[in-house]
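Report on one structure; see the data block that follows.
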Amino acid sequence: MPTLTSRVQKWKDMGHNEDFKGHKVHCFYRHKGATHETPLLVFIHGFPTSSYDWIKIIDKFPTFSMLTFDFLGFGLSDKPSNLNYTLSNHADLAVELVERHVTKENIRPPVYIIAHDMGTSICSEILARDLDGSLSKNIQIIGVLLFNGNMIMSKASLVLGQRILRSRLGWLLSYLSNKPFFLWQLSTAASNKPLNPEEGDDQWNLLNFNAGNKRLHKTIQYTFERVEKEDRLLGAIRNSPIPISFAWGMEDQVATAALQLQGWMELRPSAPIYELPGLGHFPQLDDPESFTHVLKSILQQI
């Protein structure tokens with residue numbers, strides 16, 4: 001197992017492990033005494049990264065309880081080779097962890113979800129469960145912020161590595177994956193603002209932990225579910241009674257504003273849209289101040 005960078009080790013030490021179906025899941029949870037007016041903030045990460053994507057955001061909301069975690073196959077969580085990495089399984093994990101933590105608060109506070117990339121599809125599945133009545137009654141979602149995700153696969157602009165991983169040669173790319181190729185692909189997706197060396201070291205470290213780089217052809221399989229379950233997932237965005245907002249790094253090269261965001265706007269014309277000019281696929285890392293301003297603006301209106 002690779003040695004963690006000092007920054008990733010610090011992040012690991014700030015969190016704890018939870019058990020989910022016999023596997024270890026890395027979580028970060030901060031209890032600040034949520035109220036009926038102050039929700040638990042739940043941050044859901046994307047592919048192929050981890051909850052570390054929120055490292056620049058968590059300290060900007062000191063009065064909120066918050067929860068984030070690494071899905072199985074990602075970050076500092078277990079990455080079993082024989083697991084079926086489906087949206088449904090990811091949603092099961094998310095719902096289980098949220099329910100555990102809202103019941104730790106004295107009043108079972110409402111929940112506000114912030115979801116990025118793959119997380120937008122996982123959040124869509126959670127919204128679908130809310131619509132069909134199968135979501136736990138312990139979880140009251142009062143709002144959702146979705147940003148920079150390819151929920152509409154027909155409008156996705158996948159990078160080369162993603163296209164290969166989805167093909168019959170995906171296993172080979174996983175086997176041969178290395179740091180330079182991974183960072184090139186991540187930078188291509190990110191924006192015109194390249195990763196600095198420390199950020200690159202951290203992201204590779206988190207992917208390589210527990211051999212996650214060898215699971216990429218498995219963890220990307222959720223993209224096929226986006227097509228198979230399109231009516232359910234997109235229907236949840238269209239029909240959910242829960243307030244939904246969109247934010248977008250306008251220079252995103254994978255989930256482009258011209259195609260993907262336009263498709264989201266057609267799905268839910270009434271949703272507030274927060275454009276983030278000059279930012280790419282990871283606005284929460286590119287410019288945490290601007291992203292924080294958007295989220296605080298939304299939370300003030302709840």
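Residues in the structure tokens are numbered from 1 in each chain, the chains being A, B, ... in the order shown, and ligands are numbered from 1 in the order shown.
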
Check which residues of segment 59-164 of chain A sit at most 10 Å from segment 197-211 of chain A using only C-alpha atoms, and return one row each with the closest pair of atoms and their distance in Å to one decimal, ordered by chain and rising number, as a Markdown table.
```
| residue | atom | partner | partner_atom | distance |
| --- | --- | --- | --- | --- |
| A:Gly73 | CA | A:Asn210 | CA | 8.5 |
| A:Phe74 | CA | A:Leu207 | CA | 6.6 |
| A:Gly75 | CA | A:Leu206 | CA | 4.7 |
| A:Leu76 | CA | A:Leu206 | CA | 6.4 |
| A:Ser77 | CA | A:Asn210 | CA | 7.9 |
| A:Asp78 | CA | A:Asn210 | CA | 6.6 |
| A:Lys79 | CA | A:Asn210 | CA | 6.1 |
| A:Pro80 | CA | A:Asn210 | CA | 8.5 |
| A:Ser81 | CA | A:Ala211 | CA | 9.1 |
```

Any chance you could list, as a ChimeraX atom specification, the residues in segment 84-216 of chain A that come up helix (DSSP H, G or I) when DSSP is run on the backbone? /A:87-102,118-132,153-155,160-165,170-176,179-190,197-216

DSSP strand (DSSP E) residues within segment 37-253 of chain A, as a ChimeraX atom specification: /A:40-44,66-69,111-116,141-147,244-249

Counting only C-alpha atoms, what is within 7 Å of segment 116-133 of chain A, bar same-chain residues fewer than 3 positions away, as a ChimeraX atom specification? /A:44-47,87,90-91,146-151,232-233,236-237,240

With all heavy atoms retained, could you export that selection as a compact mmCIF listing (two decimals), in the first residue's frame?
```
# COMPACT_ATOMS: atom_id res chain seq x y z
N ILE A 44 -21.35 14.98 -1.66
CA ILE A 44 -21.21 13.71 -2.39
C ILE A 44 -20.22 13.91 -3.55
O ILE A 44 -20.45 14.75 -4.43
CB ILE A 44 -22.56 13.22 -2.92
CG1 ILE A 44 -23.55 13.06 -1.75
CG2 ILE A 44 -22.41 11.92 -3.68
CD1 ILE A 44 -24.92 12.54 -2.17
N HIS A 45 -19.16 13.13 -3.54
CA HIS A 45 -18.07 13.32 -4.51
C HIS A 45 -18.34 12.62 -5.84
O HIS A 45 -19.31 11.88 -6.01
CB HIS A 45 -16.74 12.83 -3.92
CG HIS A 45 -16.62 11.34 -3.80
ND1 HIS A 45 -16.30 10.54 -4.88
CD2 HIS A 45 -16.73 10.50 -2.74
CE1 HIS A 45 -16.23 9.28 -4.49
NE2 HIS A 45 -16.50 9.22 -3.19
N GLY A 46 -17.43 12.84 -6.78
CA GLY A 46 -17.56 12.28 -8.11
C GLY A 46 -16.52 11.23 -8.45
O GLY A 46 -15.79 10.74 -7.59
N PHE A 47 -16.44 10.90 -9.72
CA PHE A 47 -15.51 9.91 -10.28
C PHE A 47 -14.35 10.63 -10.94
O PHE A 47 -14.57 11.62 -11.67
CB PHE A 47 -16.24 9.05 -11.31
CG PHE A 47 -15.34 8.13 -12.09
CD1 PHE A 47 -15.15 6.82 -11.67
CD2 PHE A 47 -14.70 8.56 -13.25
CE1 PHE A 47 -14.31 5.96 -12.39
CE2 PHE A 47 -13.87 7.72 -13.96
CZ PHE A 47 -13.67 6.42 -13.53
N LEU A 87 -24.80 2.45 -9.21
CA LEU A 87 -25.41 3.63 -8.61
C LEU A 87 -26.31 3.24 -7.44
O LEU A 87 -26.37 3.94 -6.42
CB LEU A 87 -26.23 4.39 -9.66
CG LEU A 87 -25.45 5.16 -10.73
CD1 LEU A 87 -26.41 5.75 -11.74
CD2 LEU A 87 -24.60 6.26 -10.10
N HIS A 90 -24.14 2.54 -4.46
CA HIS A 90 -23.62 3.81 -3.93
C HIS A 90 -24.72 4.56 -3.19
O HIS A 90 -24.48 5.14 -2.12
CB HIS A 90 -23.10 4.68 -5.08
CG HIS A 90 -21.82 4.18 -5.70
ND1 HIS A 90 -20.83 3.55 -4.98
CD2 HIS A 90 -21.37 4.26 -6.99
CE1 HIS A 90 -19.82 3.25 -5.80
NE2 HIS A 90 -20.14 3.66 -7.02
N ALA A 91 -25.93 4.57 -3.74
CA ALA A 91 -27.04 5.26 -3.08
C ALA A 91 -27.39 4.57 -1.76
O ALA A 91 -27.70 5.25 -0.77
CB ALA A 91 -28.26 5.31 -4.00
N LEU A 146 -26.70 20.63 -7.37
CA LEU A 146 -26.03 19.74 -8.31
C LEU A 146 -25.11 20.56 -9.20
O LEU A 146 -25.50 21.64 -9.66
CB LEU A 146 -27.06 19.01 -9.18
CG LEU A 146 -28.16 18.21 -8.46
CD1 LEU A 146 -29.16 17.66 -9.46
CD2 LEU A 146 -27.55 17.08 -7.64
N PHE A 147 -23.90 20.04 -9.47
CA PHE A 147 -23.02 20.81 -10.34
C PHE A 147 -22.05 19.92 -11.10
O PHE A 147 -21.61 18.89 -10.62
CB PHE A 147 -22.26 21.89 -9.55
CG PHE A 147 -21.23 21.40 -8.57
CD1 PHE A 147 -19.88 21.44 -8.88
CD2 PHE A 147 -21.61 20.92 -7.32
CE1 PHE A 147 -18.92 21.01 -7.98
CE2 PHE A 147 -20.66 20.49 -6.40
CZ PHE A 147 -19.30 20.53 -6.73
N ASN A 148 -21.79 20.32 -12.33
CA ASN A 148 -20.78 19.73 -13.20
C ASN A 148 -20.81 18.20 -13.19
O ASN A 148 -19.84 17.54 -12.81
CB ASN A 148 -19.39 20.24 -12.81
CG ASN A 148 -19.23 21.71 -13.15
OD1 ASN A 148 -19.57 22.57 -12.33
ND2 ASN A 148 -18.73 22.02 -14.34
N GLY A 149 -21.94 17.66 -13.64
CA GLY A 149 -22.08 16.22 -13.76
C GLY A 149 -22.70 15.85 -15.10
O GLY A 149 -23.51 16.60 -15.64
N ASN A 150 -22.31 14.71 -15.64
CA ASN A 150 -22.84 14.24 -16.92
C ASN A 150 -24.04 13.32 -16.71
O ASN A 150 -24.02 12.13 -17.04
CB ASN A 150 -21.75 13.49 -17.70
CG ASN A 150 -20.88 14.42 -18.51
OD1 ASN A 150 -21.37 15.36 -19.13
ND2 ASN A 150 -19.58 14.18 -18.49
N MET A 151 -25.10 13.85 -16.15
CA MET A 151 -26.29 13.01 -15.93
C MET A 151 -26.93 12.59 -17.25
O MET A 151 -27.55 11.54 -17.33
CB MET A 151 -27.31 13.76 -15.08
CG MET A 151 -26.92 13.87 -13.62
SD MET A 151 -28.31 14.37 -12.58
CE MET A 151 -28.74 15.94 -13.29
N ARG A 232 -35.80 7.05 -14.91
CA ARG A 232 -35.92 7.17 -13.46
C ARG A 232 -35.09 8.33 -12.92
O ARG A 232 -35.58 9.16 -12.14
CB ARG A 232 -35.48 5.86 -12.79
CG ARG A 232 -35.45 5.90 -11.26
CD ARG A 232 -35.09 4.53 -10.69
NE ARG A 232 -34.90 4.56 -9.24
CZ ARG A 232 -35.88 4.50 -8.36
NH1 ARG A 232 -37.14 4.44 -8.76
NH2 ARG A 232 -35.63 4.51 -7.06
N LEU A 233 -33.82 8.40 -13.35
CA LEU A 233 -32.91 9.40 -12.80
C LEU A 233 -33.26 10.81 -13.25
O LEU A 233 -33.31 11.74 -12.45
CB LEU A 233 -31.47 9.05 -13.18
CG LEU A 233 -30.95 7.70 -12.67
CD1 LEU A 233 -29.55 7.43 -13.19
CD2 LEU A 233 -30.97 7.64 -11.15
N ALA A 236 -36.53 12.04 -11.81
CA ALA A 236 -36.44 12.54 -10.43
C ALA A 236 -36.05 14.01 -10.42
O ALA A 236 -36.57 14.79 -9.62
CB ALA A 236 -35.44 11.71 -9.65
N ILE A 237 -35.13 14.40 -11.30
CA ILE A 237 -34.74 15.81 -11.38
C ILE A 237 -35.92 16.64 -11.87
O ILE A 237 -36.19 17.74 -11.37
CB ILE A 237 -33.54 15.99 -12.33
CG1 ILE A 237 -32.34 15.17 -11.84
CG2 ILE A 237 -33.18 17.46 -12.47
CD1 ILE A 237 -31.87 15.53 -10.46
N SER A 240 -39.12 16.05 -8.88
CA SER A 240 -38.97 16.12 -7.42
C SER A 240 -39.56 17.42 -6.87
O SER A 240 -39.32 18.50 -7.41
CB SER A 240 -37.50 16.03 -7.02
OG SER A 240 -37.36 16.20 -5.62
```

Non-local contacts of Leu173 of chain A (9 Å; only C-alpha atoms; under 3 positions in same chain excluded) as a PyMOL selection string: chain A and resi 161+164-165+169-170+176-177+214+216-217

Judged by only C-alpha atoms, the minimum distance to Lys10 of chain A among A:Met250, A:Ile55, A:Leu40, A:Phe224 is found for A:Ile55

Using Å and a single decimal, report how far atom CA of Thr86 of chain A sits from atom CA of Tyr222 of chain A. 5.4 Å

Nearest to Val254 of chain A: which of A:Ala115, A:Cys27, A:Leu158, A:Met66 is it, counting only C-alpha atoms? A:Leu158
